[in-house]
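Novice: Structure provided below as structure tokens; questions to follow.
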Amino acid sequence: MSALKQSCSPGTPVLTGRTRVLVIDDDRELCWLVRDYLEPLGYEVLAVHTGPEGVERATAERFDAVILDVMLPGLDGFEVLKRIRAKSDVPVLMLTARGEEADRIVGLEIGADDYLPKTFSTRELLARLRAVTRRSARRAAPVAEEDGEREIVVGALRVNPATRQAVIGDKPLDLTTLEFELLACLARSRGRVKTREQLIESLTDRHYDVFDRSVDVHIWSLRKKLGDDPKDPRYIRTVRAVGYMLINPDAA
């Protein structure tokens, strides 16, 4: 039996364009259900069932998003993601069979944009798929208000919302779209606490379902790329039971 739970609603809006999605999963029933749910909403869904096939299709064709399972024949999902990232920045939504934190962290470190435990509702899949494709579109074409926004400097860290680049010293940071948006949100409010809810709102529209725990995992990955120690942070400080704050290491 497939892990996908149908939860379609008559009020679900239909998209006007065709968004191409590649599903890489050896569970053929799940692939069919994803296709049958998304295609009436304006998506074009293609599916392959092995790791090597997934790499070949994802890097040879244009897709707006990839849904990638961790457990695959031929190559596992982590290796598939590495090979995709070597050639493409297409948004990748990873599926984990048990939703284990270790799998999520590994995927985010390699370059996944988001993750879902494999028992998920169609509404949650749609919300997260829309979120990663929307963030990718913003990265490709920054909104007008960001075009004139100045570079934010915090110690050796420089965050440029217009170019969507972050640098420590002279070393560029290799951040996912979501990691950059989290960092930019914290940088704009440097020295002030941002709650998890405020961070979530900076990433997605309010009617999309995003869970607090996913923010924590992305912050964990972002800290690692910043070379930050959570026990003695130089940049991102945890404010217990509230959220996070970007601090200036030179002023700490």
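Going by the structure tokens order, chains are called A, B, ..., each with residues numbered from 1, while ligands are numbered from 1 in the order shown.
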Contacts of His218 in chain A at 12 Å or less, counting only C-alpha atoms, minus same-chain residues fewer than 5 places along, as a PyMOL selection string?

Specialist: chain A and resi 101+104-115+175-183+196+199-200+203+211-213+223-225

Novice: Could you save the residues just selected, with C-alpha atoms, as a short mmCIF file (atom, residue, chain, number, x, y, z; two decimals), in the first residue's frame?

Specialist:
data_model
loop_
_atom_site.label_atom_id
_atom_site.label_comp_id
_atom_site.auth_asym_id
_atom_site.auth_seq_id
_atom_site.Cartn_x
_atom_site.Cartn_y
_atom_site.Cartn_z
CA GLU A 101 16.41 13.54 11.50
CA ARG A 104 16.98 15.05 6.74
CA ILE A 105 20.25 16.61 7.88
CA VAL A 106 22.31 14.67 5.33
CA GLY A 107 19.92 15.66 2.54
CA LEU A 108 19.94 19.34 3.51
CA GLU A 109 23.73 19.39 3.75
CA ILE A 110 24.04 17.95 0.24
CA GLY A 111 21.63 20.53 -1.15
CA ALA A 112 18.01 19.41 -0.75
CA ASP A 113 15.56 22.30 -0.55
CA ASP A 114 13.04 20.56 1.70
CA TYR A 115 11.97 17.11 2.88
CA LEU A 175 23.74 27.86 0.59
CA THR A 176 20.46 26.36 -0.53
CA THR A 177 17.68 28.79 -1.42
CA LEU A 178 15.98 28.28 1.91
CA GLU A 179 19.22 28.63 3.89
CA PHE A 180 19.96 31.94 2.16
CA GLU A 181 16.49 33.26 2.91
CA LEU A 182 16.81 32.30 6.57
CA LEU A 183 20.21 34.00 6.77
CA ARG A 196 10.20 30.53 14.34
CA LEU A 199 11.13 32.93 10.02
CA ILE A 200 8.46 30.70 8.51
CA LEU A 203 10.00 31.80 3.60
CA PHE A 211 6.52 23.05 10.36
CA ASP A 212 8.72 24.56 13.07
CA ARG A 213 10.98 21.53 13.13
CA ARG A 223 25.27 27.01 11.24
CA LYS A 224 27.54 24.27 10.00
CA LYS A 225 28.23 26.18 6.80
#

Novice: Select from range 93-135 of chain A every residue with an atom at most 12 Å from any atom of range 37-61 of chain A, then for each give the shortest pair of atoms and their distance in Å to one decimal, using only C-alpha atoms, rows by chain and rising number, as CSV.

Specialist:
residue,atom,partner,partner_atom,distance
A:Ser121,CA,A:Tyr37,CA,10.9
A:Thr122,CA,A:Tyr37,CA,7.4
A:Arg123,CA,A:Tyr37,CA,9.7
A:Leu125,CA,A:Leu38,CA,9.5
A:Leu126,CA,A:Leu38,CA,7.8
A:Ala127,CA,A:Leu38,CA,11.5
A:Leu129,CA,A:Leu38,CA,10.2
A:Arg130,CA,A:Tyr43,CA,10.8
A:Thr133,CA,A:Tyr43,CA,11.9

Novice: Assign secondary structure with DSSP using the backbone only, and return the residues of range 45-143 of chain A in alpha helix (DSSP H) as a VMD selection string.

Specialist: chain A and resid 51 to 60 77 to 85 101 to 110 122 to 140

Novice: Please produce a file of those selected residues containing C-alpha atoms, as a tab-separated table (two decimals), in the first residue's frame.

Specialist:
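The result, stored in selection-v6.tsv:
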chain	number	residue	atom	x	y	z
A	51	GLY	CA	18.84	6.24	-9.18
A	52	PRO	CA	20.79	6.27	-12.47
A	53	GLU	CA	17.61	7.05	-14.45
A	54	GLY	CA	16.88	9.89	-12.07
A	55	VAL	CA	20.31	11.47	-12.53
A	56	GLU	CA	20.08	11.18	-16.30
A	57	ARG	CA	16.63	12.76	-16.59
A	58	ALA	CA	17.16	15.47	-13.97
A	59	THR	CA	20.39	16.69	-15.55
A	60	ALA	CA	19.41	16.30	-19.23
A	77	GLY	CA	18.87	9.29	-3.11
A	78	PHE	CA	21.83	11.04	-1.47
A	79	GLU	CA	24.17	10.06	-4.31
A	80	VAL	CA	21.54	11.03	-6.86
A	81	LEU	CA	21.23	14.44	-5.18
A	82	LYS	CA	25.01	14.95	-5.22
A	83	ARG	CA	25.14	14.24	-8.96
A	84	ILE	CA	22.18	16.49	-9.68
A	85	ARG	CA	23.73	19.32	-7.66
A	101	GLU	CA	16.41	13.54	11.50
A	102	ALA	CA	19.75	12.06	10.36
A	103	ASP	CA	18.38	11.51	6.84
A	104	ARG	CA	16.98	15.05	6.74
A	105	ILE	CA	20.25	16.61	7.88
A	106	VAL	CA	22.31	14.67	5.33
A	107	GLY	CA	19.92	15.66	2.54
A	108	LEU	CA	19.94	19.34	3.51
A	109	GLU	CA	23.73	19.39	3.75
A	110	ILE	CA	24.04	17.95	0.24
A	122	THR	CA	-1.39	15.38	-0.80
A	123	ARG	CA	-2.08	18.84	0.64
A	124	GLU	CA	1.26	18.87	2.40
A	125	LEU	CA	3.02	17.66	-0.74
A	126	LEU	CA	1.38	20.44	-2.76
A	127	ALA	CA	2.23	23.09	-0.16
A	128	ARG	CA	5.89	22.13	0.01
A	129	LEU	CA	6.17	21.73	-3.75
A	130	ARG	CA	4.75	25.21	-4.25
A	131	ALA	CA	7.09	26.58	-1.60
A	132	VAL	CA	10.30	25.22	-3.16
A	133	THR	CA	9.33	26.28	-6.69
A	134	ARG	CA	8.35	29.74	-5.48
A	135	ARG	CA	11.67	30.18	-3.65
A	136	SER	CA	13.52	29.04	-6.77
A	137	ALA	CA	11.65	31.59	-8.88
A	138	ARG	CA	12.53	34.36	-6.43
A	139	ARG	CA	16.18	33.34	-6.57
A	140	ALA	CA	16.17	33.44	-10.37

Novice: Could you give me, as a PyMOL selection string, the residues within 9 Å of Val193 in chain A, counting only C-alpha atoms and dropping anything in the same chain fewer than 3 positions from it?

Specialist: chain A and resi 186+189-190+237-239+242-246

Novice: Which of these residues is nearest to Gly74 in chain A, using only C-alpha atoms: A:Arg240, A:Asp232, A:Gln198, A:Asp25?

Specialist: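 Looking at the shortest contact to Gly74 in chain A, the residue is A:Asp25.
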
Novice: How far is it from CA of Pro249 in chain A to CA of Gln165 in chain A, in Å with one decimal?

Specialist: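 Interatomic distance here is 19.9 Å.
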
Novice: Do a neighbour search on range 148-158 of chain A at 8 Å with only C-alpha atoms, toss out local chain neighbours closer than 3 positions, and write the hits as a list in words.

Specialist: Ala144, Glu145, Pro161, Ala162, Ala166, Val167, Ile168, Gly169, Ala187, Arg188, Arg190, Ile247, Asn248, Pro249 and Asp250 of chain A

Novice: Can you tell me how far CA of Asp174 in chain A sits from CA of Ala65 in chain A, in Å to one decimal?

Specialist: 19.5 Å

Novice: How many Å separate CA of Ile67 in chain A from CA of Thr96 in chain A?

Specialist: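 The value is 10.9 Å.
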
Novice: Got a sec to tell me which of range 60-151 of chain A DSSP assigns to strand (DSSP E), as a list in words?

Specialist: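 Output for range 60-151 of chain A, strand (DSSP E) only: Ala65, Val66, Ile67, Leu68, Asp69, Val92, Leu93, Met94, Leu95, Thr96, Asp114, Tyr115, Leu116, Pro117, Phe120 and Ser121 of chain A.
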
Novice: From the options A:Arg164, A:Arg28, A:Arg62, A:Arg18, which residue's atoms come nearest to Val90 in chain A, counting only C-alpha atoms?

Specialist: A:Arg62

Novice: Which is closer to Ala241 in chain A than all the others in A:Thr19, A:Thr163, A:Thr195, A:Ser214, using only C-alpha atoms?

Specialist: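 So, comparing all the options, the nearest one is A:Thr195.
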